[in-house]
Every structure is written in C-alpha cells, then in structure tokens.
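Next comes work.pdb, with PDB, C-alpha atoms.
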```
ATOM      1  CA  MET A   1      14.752  17.982  29.594
ATOM      2  CA  ALA A   2      11.176  16.745  29.146
ATOM      3  CA  GLN A   3      10.641  19.283  26.379
ATOM      4  CA  GLN A   4      13.812  18.108  24.580
ATOM      5  CA  LYS A   5      12.653  14.496  24.824
ATOM      6  CA  GLN A   6       9.288  15.484  23.320
ATOM      7  CA  GLU A   7      11.026  17.286  20.449
ATOM      8  CA  ASP A   8      13.262  14.270  19.812
ATOM      9  CA  THR A   9      10.208  12.010  19.634
ATOM     10  CA  ALA A  10       8.496  14.371  17.187
ATOM     11  CA  ASN A  11      11.620  14.477  15.024
ATOM     12  CA  LYS A  12      11.857  10.690  15.057
ATOM     13  CA  ASN A  13       8.341  10.444  13.621
ATOM     14  CA  ALA A  14       8.633  13.470  11.339
ATOM     15  CA  VAL A  15       9.176  11.716   8.000
ATOM     16  CA  GLN A  16       6.286   9.350   8.723
ATOM     17  CA  TYR A  17       3.969  12.335   9.200
ATOM     18  CA  GLU A  18       5.452  14.936   6.938
ATOM     19  CA  GLU A  19       3.923  15.477   3.551
ATOM     20  CA  GLU A  20       6.041  18.631   3.322
ATOM     21  CA  PRO A  21       9.232  18.922   5.398
ATOM     22  CA  ARG A  22       9.637  22.328   6.960
ATOM     23  CA  ASP A  23      12.697  23.010   4.799
ATOM     24  CA  GLY A  24      10.544  22.896   1.663
ATOM     25  CA  LEU A  25       8.325  20.757  -0.562
ATOM     26  CA  SER A  26      10.214  18.517  -3.008
ATOM     27  CA  CYS A  27      13.522  20.143  -2.077
ATOM     28  CA  LEU A  28      16.057  18.806  -4.586
ATOM     29  CA  ILE A  29      19.811  18.833  -4.092
ATOM     30  CA  ALA A  30      22.684  17.361  -6.098
ATOM     31  CA  LYS A  31      23.357  13.684  -5.443
ATOM     32  CA  GLU A  32      26.967  14.314  -4.447
ATOM     33  CA  GLU A  33      25.749  16.579  -1.645
ATOM     34  CA  SER A  34      23.569  13.951  -0.049
ATOM     35  CA  LYS A  35      23.303  10.246   0.623
ATOM     36  CA  SER A  36      20.611   8.756  -1.590
ATOM     37  CA  THR A  37      18.213   6.364   0.163
ATOM     38  CA  ALA A  38      16.346   5.007  -2.870
ATOM     39  CA  ILE A  39      13.926   2.188  -2.094
ATOM     40  CA  SER A  40      15.191  -1.162  -3.382
ATOM     41  CA  PHE A  41      13.083  -3.979  -4.809
ATOM     42  CA  GLU A  42      14.232  -6.161  -1.909
ATOM     43  CA  GLU A  43      12.910  -3.627   0.615
ATOM     44  CA  ILE A  44       9.547  -3.545  -1.127
ATOM     45  CA  GLU A  45       9.381  -7.345  -1.155
ATOM     46  CA  LYS A  46      10.259  -7.476   2.552
ATOM     47  CA  GLN A  47       7.625  -4.875   3.443
ATOM     48  CA  THR A  48       4.977  -6.669   1.385
ATOM     49  CA  ALA A  49       5.829 -10.044   2.890
ATOM     50  CA  ASP A  50       5.439  -8.806   6.474
ATOM     51  CA  GLN A  51       2.132 -10.277   7.640
ATOM     52  CA  THR A  52       2.621  -9.605  11.366
ATOM     53  CA  LEU A  53      -0.432  -7.546  12.296
ATOM     54  CA  VAL A  54      -1.256  -5.578  15.423
ATOM     55  CA  SER A  55      -3.699  -7.563  17.581
ATOM     56  CA  ASP A  56      -7.443  -7.152  17.072
ATOM     57  CA  PHE A  57      -7.781  -5.826  20.624
ATOM     58  CA  LYS A  58      -5.207  -3.090  20.036
ATOM     59  CA  GLN A  59      -6.711  -2.247  16.654
ATOM     60  CA  MET A  60     -10.130  -1.770  18.257
ATOM     61  CA  LYS A  61      -8.566   0.468  20.902
ATOM     62  CA  LEU A  62      -6.769   2.542  18.239
ATOM     63  CA  GLU A  63     -10.067   3.086  16.445
ATOM     64  CA  LYS A  64     -11.822   4.021  19.675
ATOM     65  CA  ASP A  65      -9.015   6.423  20.659
ATOM     66  CA  ALA A  66      -8.454   7.913  17.194
ATOM     67  CA  GLN A  67      -9.769  11.363  18.061
ATOM     68  CA  LYS A  68      -7.910  11.425  21.379
ATOM     69  CA  ASN A  69      -4.633  10.485  19.681
ATOM     70  CA  TRP A  70      -4.927  13.315  17.123
ATOM     71  CA  ASP A  71      -5.901  15.740  19.866
ATOM     72  CA  LEU A  72      -2.751  14.753  21.789
ATOM     73  CA  PHE A  73      -0.722  15.209  18.592
ATOM     74  CA  TYR A  74      -1.883  18.837  18.345
ATOM     75  CA  LYS A  75      -1.350  19.318  22.087
ATOM     76  CA  ARG A  76       2.309  18.286  21.667
ATOM     77  CA  ASN A  77       3.005  20.119  18.423
ATOM     78  CA  ALA A  78       0.527  23.034  18.499
ATOM     79  CA  THR A  79       0.780  24.903  15.169
ATOM     80  CA  ASN A  80       4.471  24.139  14.611
ATOM     81  CA  PHE A  81       4.517  20.735  12.942
ATOM     82  CA  PHE A  82       3.303  21.190   9.349
ATOM     83  CA  LYS A  83       4.440  23.879   6.959
ATOM     84  CA  ASP A  84       1.913  26.293   5.422
ATOM     85  CA  ARG A  85       0.781  24.977   2.040
ATOM     86  CA  HIS A  86       1.557  27.875  -0.263
ATOM     87  CA  TRP A  87       1.876  25.335  -3.098
ATOM     88  CA  THR A  88      -1.838  24.507  -3.211
ATOM     89  CA  THR A  89      -2.913  26.928  -5.960
ATOM     90  CA  ARG A  90       0.117  25.950  -8.046
ATOM     91  CA  GLU A  91      -0.682  22.248  -7.866
ATOM     92  CA  PHE A  92      -4.471  22.594  -8.123
ATOM     93  CA  GLU A  93      -5.403  25.224 -10.708
ATOM     94  CA  GLU A  94      -9.127  24.527 -10.124
ATOM     95  CA  LEU A  95      -8.935  26.808  -7.107
ATOM     96  CA  LYS A  96      -8.832  29.624  -9.659
ATOM     97  CA  ALA A  97      -9.885  28.075 -12.964
ATOM     98  CA  CYS A  98     -13.350  26.892 -11.898
ATOM     99  CA  ARG A  99     -14.665  30.461 -11.735
ATOM    100  CA  LYS A 100     -16.815  31.696 -14.612
ATOM    101  CA  PHE A 101     -15.553  35.235 -13.949
ATOM    102  CA  GLU A 102     -12.638  36.572 -11.909
ATOM    103  CA  ALA A 103     -14.658  38.148  -9.104
ATOM    104  CA  GLN A 104     -16.904  35.107  -8.605
ATOM    105  CA  ARG A 105     -17.114  34.011  -4.980
ATOM    106  CA  LEU A 106     -15.676  30.527  -4.569
ATOM    107  CA  VAL A 107     -16.992  28.248  -1.809
ATOM    108  CA  LEU A 108     -14.396  25.804  -0.526
ATOM    109  CA  LEU A 109     -14.621  22.922   1.945
ATOM    110  CA  GLU A 110     -11.400  21.829   3.560
ATOM    111  CA  ALA A 111     -12.115  18.426   5.037
ATOM    112  CA  GLY A 112      -9.455  17.828   7.676
ATOM    113  CA  CYS A 113      -8.143  21.369   8.071
ATOM    114  CA  GLY A 114      -5.676  20.700  10.883
ATOM    115  CA  VAL A 115      -4.496  24.024  12.274
ATOM    116  CA  GLY A 116      -5.152  25.935   9.033
ATOM    117  CA  ASN A 117      -1.951  25.377   7.044
ATOM    118  CA  CYS A 118      -3.951  25.320   3.813
ATOM    119  CA  ILE A 119      -6.859  27.700   4.418
ATOM    120  CA  PHE A 120      -4.974  30.740   5.716
ATOM    121  CA  PRO A 121      -2.599  31.006   2.713
ATOM    122  CA  LEU A 122      -5.691  30.715   0.483
ATOM    123  CA  LEU A 123      -7.632  33.366   2.392
ATOM    124  CA  GLU A 124      -4.644  35.705   2.157
ATOM    125  CA  GLU A 125      -4.200  35.142  -1.560
ATOM    126  CA  ASP A 126      -7.844  35.129  -2.665
ATOM    127  CA  LEU A 127     -10.292  37.712  -1.331
ATOM    128  CA  ASN A 128     -13.241  36.142  -3.181
ATOM    129  CA  ILE A 129     -13.245  32.855  -1.328
ATOM    130  CA  PHE A 130     -15.349  31.508   1.534
ATOM    131  CA  VAL A 131     -14.097  28.457   3.411
ATOM    132  CA  TYR A 132     -15.893  25.795   5.394
ATOM    133  CA  ALA A 133     -13.203  23.985   7.390
ATOM    134  CA  CYS A 134     -13.574  21.004   9.671
ATOM    135  CA  ASP A 135     -11.305  18.670  11.592
ATOM    136  CA  PHE A 136     -11.579  15.511  13.669
ATOM    137  CA  SER A 137      -9.607  17.144  16.500
ATOM    138  CA  PRO A 138     -11.390  19.747  18.684
ATOM    139  CA  ARG A 139      -7.968  21.124  19.666
ATOM    140  CA  ALA A 140      -7.037  21.729  16.018
ATOM    141  CA  VAL A 141     -10.324  23.584  15.483
ATOM    142  CA  GLU A 142      -9.528  25.859  18.424
ATOM    143  CA  PHE A 143      -6.101  26.644  16.968
ATOM    144  CA  VAL A 144      -7.790  27.743  13.730
ATOM    145  CA  LYS A 145     -10.194  30.001  15.624
ATOM    146  CA  GLN A 146      -7.280  31.589  17.521
ATOM    147  CA  HIS A 147      -5.323  32.386  14.334
ATOM    148  CA  SER A 148      -4.839  36.093  13.624
ATOM    149  CA  LEU A 149      -6.296  35.681  10.108
ATOM    150  CA  TYR A 150      -9.430  33.856  11.229
ATOM    151  CA  CYS A 151     -12.516  35.836  10.222
ATOM    152  CA  PRO A 152     -16.024  34.355  10.691
ATOM    153  CA  GLU A 153     -17.272  36.405   7.728
ATOM    154  CA  ARG A 154     -14.888  34.486   5.445
ATOM    155  CA  CYS A 155     -14.472  31.151   7.203
ATOM    156  CA  THR A 156     -16.601  28.756   9.240
ATOM    157  CA  VAL A 157     -14.656  26.138  11.187
ATOM    158  CA  PHE A 158     -16.174  23.250  13.122
ATOM    159  CA  GLN A 159     -15.334  19.854  14.591
ATOM    160  CA  CYS A 160     -16.526  16.891  12.550
ATOM    161  CA  ASP A 161     -15.984  13.154  12.208
ATOM    162  CA  LEU A 162     -16.364  12.742   8.454
ATOM    163  CA  THR A 163     -17.179   9.045   8.841
ATOM    164  CA  LYS A 164     -20.333   9.524  10.925
ATOM    165  CA  ASP A 165     -21.276  13.201  11.487
ATOM    166  CA  ASN A 166     -23.586  14.840   8.965
ATOM    167  CA  LEU A 167     -21.658  17.566   7.126
ATOM    168  CA  GLN A 168     -24.954  19.146   6.093
ATOM    169  CA  ALA A 169     -25.471  20.243   9.691
ATOM    170  CA  ALA A 170     -22.815  22.914   9.033
ATOM    171  CA  VAL A 171     -22.521  23.068   5.232
ATOM    172  CA  PRO A 172     -25.585  23.523   2.987
ATOM    173  CA  GLU A 173     -26.339  20.722   0.551
ATOM    174  CA  ASP A 174     -25.068  21.257  -3.018
ATOM    175  CA  SER A 175     -23.237  24.464  -2.029
ATOM    176  CA  VAL A 176     -19.484  23.737  -2.332
ATOM    177  CA  ASP A 177     -17.498  24.452  -5.507
ATOM    178  CA  VAL A 178     -14.265  22.742  -4.434
ATOM    179  CA  ALA A 179     -13.452  20.357  -1.580
ATOM    180  CA  THR A 180      -9.915  19.503  -0.531
ATOM    181  CA  LEU A 181      -8.746  16.216   0.992
ATOM    182  CA  ILE A 182      -5.052  16.832   1.543
ATOM    183  CA  PHE A 183      -3.298  14.184   3.672
ATOM    184  CA  VAL A 184      -6.587  13.394   5.409
ATOM    185  CA  LEU A 185      -8.142  10.227   3.992
ATOM    186  CA  SER A 186      -5.007   8.246   4.900
ATOM    187  CA  ALA A 187      -5.735   8.864   8.602
ATOM    188  CA  ILE A 188      -9.160   7.204   8.361
ATOM    189  CA  HIS A 189      -9.718   3.469   8.753
ATOM    190  CA  PRO A 190     -10.069   1.921   5.259
ATOM    191  CA  ASP A 191     -13.477   0.475   6.186
ATOM    192  CA  LYS A 192     -14.802   4.015   6.788
ATOM    193  CA  MET A 193     -13.243   5.906   3.893
ATOM    194  CA  ARG A 194     -16.267   5.550   1.642
ATOM    195  CA  GLN A 195     -18.580   7.055   4.292
ATOM    196  CA  ALA A 196     -16.326  10.121   4.423
ATOM    197  CA  LEU A 197     -16.433  10.508   0.626
ATOM    198  CA  GLU A 198     -20.222  10.099   0.511
ATOM    199  CA  ASN A 199     -20.514  12.800   3.179
ATOM    200  CA  ILE A 200     -18.481  15.213   1.048
ATOM    201  CA  TYR A 201     -20.408  14.259  -2.097
ATOM    202  CA  LYS A 202     -23.663  15.562  -0.584
ATOM    203  CA  VAL A 203     -22.393  19.108   0.032
ATOM    204  CA  LEU A 204     -20.630  19.509  -3.327
ATOM    205  CA  LYS A 205     -22.486  21.225  -6.151
ATOM    206  CA  PRO A 206     -23.164  19.022  -9.185
ATOM    207  CA  GLY A 207     -19.942  19.410 -11.174
ATOM    208  CA  GLY A 208     -18.008  20.265  -7.993
ATOM    209  CA  ILE A 209     -14.424  19.041  -7.647
ATOM    210  CA  VAL A 210     -12.530  17.173  -4.916
ATOM    211  CA  LEU A 211      -8.807  17.943  -4.881
ATOM    212  CA  PHE A 212      -6.922  15.029  -3.340
ATOM    213  CA  ARG A 213      -3.311  14.578  -2.265
ATOM    214  CA  ASP A 214      -2.051  11.853   0.057
ATOM    215  CA  TYR A 215       0.551   9.153   0.636
ATOM    216  CA  GLY A 216       1.188   6.670  -2.171
ATOM    217  CA  VAL A 217       2.097   3.024  -1.771
ATOM    218  CA  HIS A 218       5.859   2.447  -1.198
ATOM    219  CA  ASP A 219       6.385   6.026  -0.019
ATOM    220  CA  HIS A 220       9.490   6.411   2.154
ATOM    221  CA  ALA A 221       7.303   6.901   5.233
ATOM    222  CA  MET A 222       5.677   3.506   4.592
ATOM    223  CA  MET A 223       9.025   1.766   4.150
ATOM    224  CA  ARG A 224      10.261   3.099   7.518
ATOM    225  CA  PHE A 225       7.618   1.199   9.486
ATOM    226  CA  LYS A 226       9.034  -1.806  11.283
ATOM    227  CA  SER A 227       7.380  -5.137  11.916
ATOM    228  CA  GLY A 228       4.727  -4.791  14.606
ATOM    229  CA  ASN A 229       3.263  -1.541  13.245
ATOM    230  CA  LYS A 230       1.131  -3.075  10.500
ATOM    231  CA  LEU A 231      -2.667  -2.911  10.846
ATOM    232  CA  GLY A 232      -3.566  -4.302   7.420
ATOM    233  CA  GLU A 233      -2.535  -4.059   3.791
ATOM    234  CA  ASN A 234      -0.789  -0.665   3.327
ATOM    235  CA  PHE A 235      -2.144   0.477   6.728
ATOM    236  CA  TYR A 236       0.153   1.285   9.677
ATOM    237  CA  VAL A 237       0.195   2.799  13.153
ATOM    238  CA  ARG A 238       2.764   5.346  14.348
ATOM    239  CA  GLN A 239       4.310   5.362  17.804
ATOM    240  CA  ASP A 240       1.815   7.944  19.059
ATOM    241  CA  GLY A 241      -1.246   5.922  18.001
ATOM    242  CA  THR A 242      -2.136   7.927  14.879
ATOM    243  CA  ARG A 243      -2.516   5.838  11.732
ATOM    244  CA  SER A 244      -1.663   6.143   8.068
ATOM    245  CA  TYR A 245      -2.823   4.396   4.915
ATOM    246  CA  PHE A 246      -0.762   4.347   1.695
ATOM    247  CA  PHE A 247      -2.859   4.414  -1.484
ATOM    248  CA  SER A 248      -2.579   2.775  -4.870
ATOM    249  CA  LYS A 249      -4.273   4.786  -7.594
ATOM    250  CA  GLU A 250      -6.449   1.802  -8.492
ATOM    251  CA  LEU A 251      -7.867   1.512  -4.978
ATOM    252  CA  LEU A 252      -8.416   5.263  -4.762
ATOM    253  CA  ALA A 253     -10.263   5.309  -8.083
ATOM    254  CA  ASP A 254     -12.535   2.490  -6.886
ATOM    255  CA  LEU A 255     -13.224   4.294  -3.597
ATOM    256  CA  PHE A 256     -14.322   7.500  -5.295
ATOM    257  CA  LYS A 257     -16.314   5.670  -7.955
ATOM    258  CA  GLY A 258     -18.166   3.764  -5.235
ATOM    259  CA  ALA A 259     -19.121   7.072  -3.623
ATOM    260  CA  GLY A 260     -20.502   8.421  -6.909
ATOM    261  CA  PHE A 261     -17.585  10.472  -8.231
ATOM    262  CA  GLU A 262     -16.032  10.443 -11.676
ATOM    263  CA  SER A 263     -12.271  10.608 -12.118
ATOM    264  CA  VAL A 264     -10.630  13.654 -13.714
ATOM    265  CA  THR A 265      -6.966  12.914 -12.981
ATOM    266  CA  ASN A 266      -5.376  10.301 -10.726
ATOM    267  CA  ASP A 267      -1.593   9.956 -10.790
ATOM    268  CA  TYR A 268       1.447   9.333  -8.620
ATOM    269  CA  VAL A 269       3.720  12.280  -7.853
ATOM    270  CA  LEU A 270       7.345  11.316  -7.247
ATOM    271  CA  ARG A 271       9.464  13.689  -5.166
ATOM    272  CA  GLU A 272      12.788  13.746  -3.405
ATOM    273  CA  THR A 273      12.976  15.458  -0.062
ATOM    274  CA  VAL A 274      16.138  16.328   1.789
ATOM    275  CA  ASN A 275      17.022  16.169   5.439
ATOM    276  CA  LYS A 276      19.732  18.839   5.303
ATOM    277  CA  LYS A 277      20.863  18.165   8.864
ATOM    278  CA  GLU A 278      21.681  14.521   8.107
ATOM    279  CA  GLY A 279      22.453  14.994   4.405
ATOM    280  CA  LEU A 280      19.856  12.399   3.389
ATOM    281  CA  CYS A 281      17.861  12.474   0.157
ATOM    282  CA  VAL A 282      14.740  10.323   0.412
ATOM    283  CA  PRO A 283      12.195   9.321  -2.248
ATOM    284  CA  ARG A 284       8.581  10.288  -1.645
ATOM    285  CA  VAL A 285       5.534   8.878  -3.382
ATOM    286  CA  PHE A 286       2.304  10.865  -3.250
ATOM    287  CA  LEU A 287      -1.001  10.408  -5.026
ATOM    288  CA  GLN A 288      -2.447  13.607  -6.497
ATOM    289  CA  SER A 289      -5.922  13.364  -7.959
ATOM    290  CA  LYS A 290      -9.068  15.237  -8.937
ATOM    291  CA  PHE A 291     -12.557  13.777  -8.795
ATOM    292  CA  ARG A 292     -15.824  15.374  -9.858
ATOM    293  CA  ARG A 293     -19.383  15.032  -8.650
ATOM    294  CA  PRO A 294     -21.309  14.334 -11.876
ATOM    295  CA  THR A 295     -23.975  16.791 -12.967
ATOM    296  CA  GLN A 296     -26.326  13.788 -13.070
ATOM    297  CA  LEU A 297     -26.365  10.764 -10.763
ATOM    298  CA  PRO A 298     -24.485   7.831 -12.353
ATOM    299  CA  THR A 299     -26.774   5.064 -13.650
ATOM    300  CA  TYR A 300     -25.293   2.387 -11.370
ATOM    301  CA  LEU A 301     -26.019   4.558  -8.301
ATOM    302  CA  VAL A 302     -29.581   5.266  -9.444
ATOM    303  CA  LYS A 303     -30.131   1.503  -9.518
ATOM    304  CA  GLN A 304     -28.598   1.091  -6.053
ATOM    305  CA  SER A 305     -30.768   3.818  -4.547
ATOM    306  CA  THR A 306     -34.067   2.700  -6.125
ATOM    307  CA  ILE A 307     -36.582   1.696  -3.461
ATOM    308  CA  PRO A 308     -38.934  -1.033  -4.695
ATOM    309  CA  VAL A 309     -42.624  -0.187  -4.542
ATOM    310  CA  VAL A 310     -44.570  -2.729  -2.507
TER
END
```

If you convert what's in this file into structure tokens, what do you get?
Amino acid sequence: MAQQKQEDTANKNAVQYEEEPRDGLSCLIAKEESKSTAISFEEIEKQTADQTLVSDFKQMKLEKDAQKNWDLFYKRNATNFFKDRHWTTREFEELKACRKFEAQRLVLLEAGCGVGNCIFPLLEEDLNIFVYACDFSPRAVEFVKQHSLYCPERCTVFQCDLTKDNLQAAVPEDSVDVATLIFVLSAIHPDKMRQALENIYKVLKPGGIVLFRDYGVHDHAMMRFKSGNKLGENFYVRQDGTRSYFFSKELLADLFKGAGFESVTNDYVLRETVNKKEGLCVPRVFLQSKFRRPTQLPTYLVKQSTIPVV
C-alpha cells in the first residue's frame, strides 16, 4: 500500500520533472486520438500575474536542504524515473563532429549526470570517449558506480556541488572537449547559476563546447504549478522540495556571456508529448543551446580580471 502511494506521488509529479516521458521523446499522435491541452494566453497571463511567493524562511530551508531533497528523490525512484537519452548524439552533432579524425579520443564532462541516463548510451555507442561525470546527489553517484557498464578506465564519476566545489579537483584544467548541461541548470538557484558556469568554463579546452538543454519559459510543467509554489520569477518548487527554473533564451544568453562564453546556437524547441494512459497531448517548451569557450579571453573579461598595480 505504501509502495503504491509512493508510485502515485511520483506519477503526480512526473510531467513537472520529465524532460522525456518514458513512452518516448516528443511522441506525436493524431489530434483526434488525444485531448489537446494547448496553453492559452489567459493561462500565461494568470501564471505571470501570480506574485504569491514562498516565504523567505522556507526558501532558505529549501536551499539548505537542496542536496538532501535530490538524494531522497533518487532513494524513492532509484534508476527508474528518467529514460535513457539515446537522442543525445542526434540532437548534438558536436559529440561526433568536433573530432579532427574519427579515432580521436573525446573527453566529455557531464555536469549533473543523475544515474547515468546520458553517459551509458554514449559509452556504448562511442568507444573513443572518456567521461567525467558528477552529480549533486551522493546517492546518484553510487547508482552510476553500480551500473553494469561502469568502467573506471572510461569514466570517472564523483559527487560535486557545481556552485561551490572546485571541478579542477577531479577534472584537469583546460582538458574537456565537450560539457553537457542537460536538465541540470534549472535545478540550481538562479543566484548561483553563474558560479556553476564559471566552474565548467575552467575545465573546458579553449574552443570547447557546452551542450545545453533545459526547460523553457511557459513549458507545460511550469503552467501546472499552482499558487504557493512560486519562489521567484520563473522559479518554482515541487511537492518533494526539488526546484525548477524555466529559462528564456535572452536570460540564458546573458548568463553564459557573463561567465565568458560565446553563443553558437540558442533556440526554443517545441514538442508535444503524449500521456497515452489518459489520452492527453501536452505542449512542451525546451531551450536547446550551444555555447563555446573562446580561444582567447573576451576583452570585457580581461578588463574585469585586471588587478591594479599599487
């Protein structure tokens, strides 16, 4: 009975978490087979007008308990919640195209690896890849280490808070060809997002790429939040205490620019996902982007980092 109640709770929150429902990414079905739940202008206006924020005390507690809440999420769901991301190489051709020759060894950082839904499909598909993988949750890291495909010769996994821990303690400076931030930055408090990006910047090679995918503003998951769950503009808390931010492409571009990156692509991806059990077709809004560490430090950052001689 307790297990069924836990499953019901997970299902209730599923669309708010799920970047990819377990019955398939961007699963499209004919309109007559499902009930469309398109977001109306009135719904957007109502969501925007809601200024009822969670109390400062509770917000401070959510920040303090952030790691614990994600650890409890993985305790409840183990490795069963998110679907393996076999779509990654299709959506991000840099995972193959950035090589100068086919057999070149590619060094990848997956920042926020969860239980390995991205890295293990990649390791299976590409034998010339080495992965550094980290996650905020110690429990998630242990799940990765227990996976049958985990091999220390091809993958190093470690626990890390991207907003304060030094990535260079585990990943050599200027060593990573490609870093992925896939449904990760949205879980970080907006005030600390830049620190996470600056941390990643330091381990990327000059010319290295960050592949980004996350929730976009007015995504269906955002519109499902009721009054009382709002932490700030486009920032919400789920029932289990985990949080989610919904990005505009303008804000994201400013965040990466502030951390020293240059934009390659930065666009919304519109999908429709289907809950086959309930016959619902819901609109999803994601932001899919690529940012590059310049081969030379941008002029405005050189000025910021100049230490005056006394």

Quiz prompt | the PyMOL selection byres ((chain A and resi 266-270) around 12) applied to the shown file, residues as a PyMOL selection string | solution = chain A and resi 19+25-28+38+91+210-220+246-254+256+262-265+271-273+282-292

Quiz item: With distances taken over all atoms listed in the file, which of A:Ser227, A:Thr163, A:Asn128, A:Ser148 is nearest to A:Gly116?
Solution: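 Nearest candidate to A:Gly116 out of A:Ser227, A:Thr163, A:Asn128, A:Ser148: A:Ser148.
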
Practice problem: Could you list the residues chosen by the PyMOL selection byres ((chain A and resi 189) around 9) in this structure as a ChimeraX atom specification? | Solution: /A:63,185-188,190-193,235,243-245

Exercise. Apply the PyMOL selection byres ((chain A and resi 159) around 8) to the displayed file and report the matching residues as JSON, numbers by chain.
Key: {"A": [134, 135, 136, 137, 138, 141, 157, 158, 160, 161]}

Take the residues from that selection and write them out as a PDB file, in the coordinates of the input, keeping C-alpha atoms.
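For reference, result_23.pdb as written:
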```pdb
ATOM      1  CA  CYS A 134     -13.574  21.004   9.671  1.00  0.00           C
ATOM      2  CA  ASP A 135     -11.305  18.670  11.592  1.00  0.00           C
ATOM      3  CA  PHE A 136     -11.579  15.511  13.669  1.00  0.00           C
ATOM      4  CA  SER A 137      -9.607  17.144  16.500  1.00  0.00           C
ATOM      5  CA  PRO A 138     -11.390  19.747  18.684  1.00  0.00           C
ATOM      6  CA  VAL A 141     -10.324  23.584  15.483  1.00  0.00           C
ATOM      7  CA  VAL A 157     -14.656  26.138  11.187  1.00  0.00           C
ATOM      8  CA  PHE A 158     -16.174  23.250  13.122  1.00  0.00           C
ATOM      9  CA  CYS A 160     -16.526  16.891  12.550  1.00  0.00           C
ATOM     10  CA  ASP A 161     -15.984  13.154  12.208  1.00  0.00           C
TER      11      ASP A 161
END
```

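Closest to A:Arg76 among A:Ile129, A:Ala140, A:Asn117, A:Gln51 is A:Ala140, based on only C-alpha atoms.
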
Exercise. Enter the distance from atom CA of A:Ala111 to atom CA of A:Leu181, in Å, rounded to one decimal.
Key: 5.7 Å

Quiz item: Quick one: residues within 8 Å of A:Thr156, only C-alpha atoms counted, chain neighbours fewer than 4 positions away excluded, as a count of residues only?
Solution: 4

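Here atom CA of A:Pro121 and atom CA of A:Asn77 stand 19.9 Å from one another.
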
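Nearest-residue note for A:Arg224: choosing from A:Val178, A:Val237, A:Leu123, A:Ala169, the minimum distance belongs to A:Val237, counting only C-alpha atoms.
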
Quiz item: Distance atom CA of A:Ile119-atom CA of A:Lys75, one decimal place?
Solution: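 Computed distance, atom CA of A:Ile119 to atom CA of A:Lys75, equals 20.3 Å.
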
When you look at A:Asn229 with a cut-off of 8 Å (counting all atoms listed in the file), what residues show up, excluding the ones that are within fewer than 4 positions of it in the same chain? I need them as a compact mmCIF listing (two decimals) with C-alpha atoms, in the frame of the given file.
```txt
# COMPACT_ATOMS: atom_id res chain seq x y z
CA LEU A 53 -0.43 -7.55 12.30
CA VAL A 54 -1.26 -5.58 15.42
CA PHE A 225 7.62 1.20 9.49
CA TYR A 236 0.15 1.28 9.68
CA VAL A 237 0.20 2.80 13.15
CA ARG A 238 2.76 5.35 14.35
```

Exercise. Identify which of the residues A:Met60, A:Leu127, A:Leu162, A:Ala66 lies closest to A:Arg194, counting all atoms listed in the file when measuring atom-to-atom distances.
Key: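 Nearest candidate to A:Arg194 out of A:Met60, A:Leu127, A:Leu162, A:Ala66: A:Leu162.
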
Practice problem: Tell me which of A:Pro172, A:Cys118, A:Arg105, A:Glu142 sits closest to A:Arg154, counting all atoms listed in the file. | Solution: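 Result for the nearest residue to A:Arg154: A:Arg105.
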
Enclose the full set of atoms of stretch 198-201 of chain A listed in the file within a box whose edges lie along x, y and z, apply 5 Å of padding to each of the six sides, and report centre and edge lengths in Å to one decimal as JSON.
```
{"center_x": -19.5, "center_y": 12.7, "center_z": 0.5, "size_x": 12.0, "size_y": 15.1, "size_z": 15.3}
```

Quiz item: Neighbours of A:Ser175 within 7 Å (all atoms listed in the file; same-chain residues fewer than 4 positions away dropped), as number ranges by chain?
Solution: A: 203-205

Self-check item: Neighbour residues at most 10 Å from (-21.0, 9.9, 2.5) (only C-alpha atoms) as a ChimeraX atom specification
Solution: /A:162-167,192-203,259-260

Would you output stretch 63-73 of chain A from that structure, restricted to N, CA, C and O atoms, as a CSV table (one decimal), in the first residue's frame?
```csv
chain,number,residue,atom,x,y,z
A,63,GLU,N,17.0,25.8,0.1
A,63,GLU,CA,18.4,26.0,-0.4
A,63,GLU,C,19.3,25.1,0.5
A,63,GLU,O,20.2,24.4,0.0
A,64,LYS,N,19.1,25.2,1.8
A,64,LYS,CA,19.9,24.4,2.7
A,64,LYS,C,19.7,22.9,2.5
A,64,LYS,O,20.7,22.1,2.6
A,65,ASP,N,18.5,22.5,2.2
A,65,ASP,CA,18.2,21.1,2.1
A,65,ASP,C,18.2,20.6,0.6
A,65,ASP,O,17.8,19.5,0.3
A,66,ALA,N,18.8,21.4,-0.3
A,66,ALA,CA,18.7,21.0,-1.7
A,66,ALA,C,19.3,19.6,-2.0
A,66,ALA,O,18.7,18.8,-2.7
A,67,GLN,N,20.5,19.4,-1.5
A,67,GLN,CA,21.1,18.1,-1.7
A,67,GLN,C,20.3,17.0,-1.1
A,67,GLN,O,20.1,15.9,-1.7
A,68,LYS,N,19.9,17.2,0.1
A,68,LYS,CA,19.1,16.1,0.8
A,68,LYS,C,17.8,15.8,0.0
A,68,LYS,O,17.5,14.6,-0.2
A,69,ASN,N,17.2,16.8,-0.6
A,69,ASN,CA,15.9,16.6,-1.3
A,69,ASN,C,16.2,15.8,-2.6
A,69,ASN,O,15.4,14.9,-3.0
A,70,TRP,N,17.3,16.1,-3.3
A,70,TRP,CA,17.6,15.3,-4.5
A,70,TRP,C,18.1,13.9,-4.1
A,70,TRP,O,17.8,12.9,-4.8
A,71,ASP,N,18.7,13.7,-3.0
A,71,ASP,CA,19.1,12.4,-2.6
A,71,ASP,C,17.9,11.6,-2.3
A,71,ASP,O,17.8,10.4,-2.6
A,72,LEU,N,16.9,12.2,-1.6
A,72,LEU,CA,15.6,11.5,-1.3
A,72,LEU,C,14.9,11.1,-2.6
A,72,LEU,O,14.2,10.1,-2.7
A,73,PHE,N,15.0,12.0,-3.6
A,73,PHE,CA,14.4,11.7,-4.9
A,73,PHE,C,14.9,10.4,-5.5
A,73,PHE,O,14.2,9.6,-6.0
```
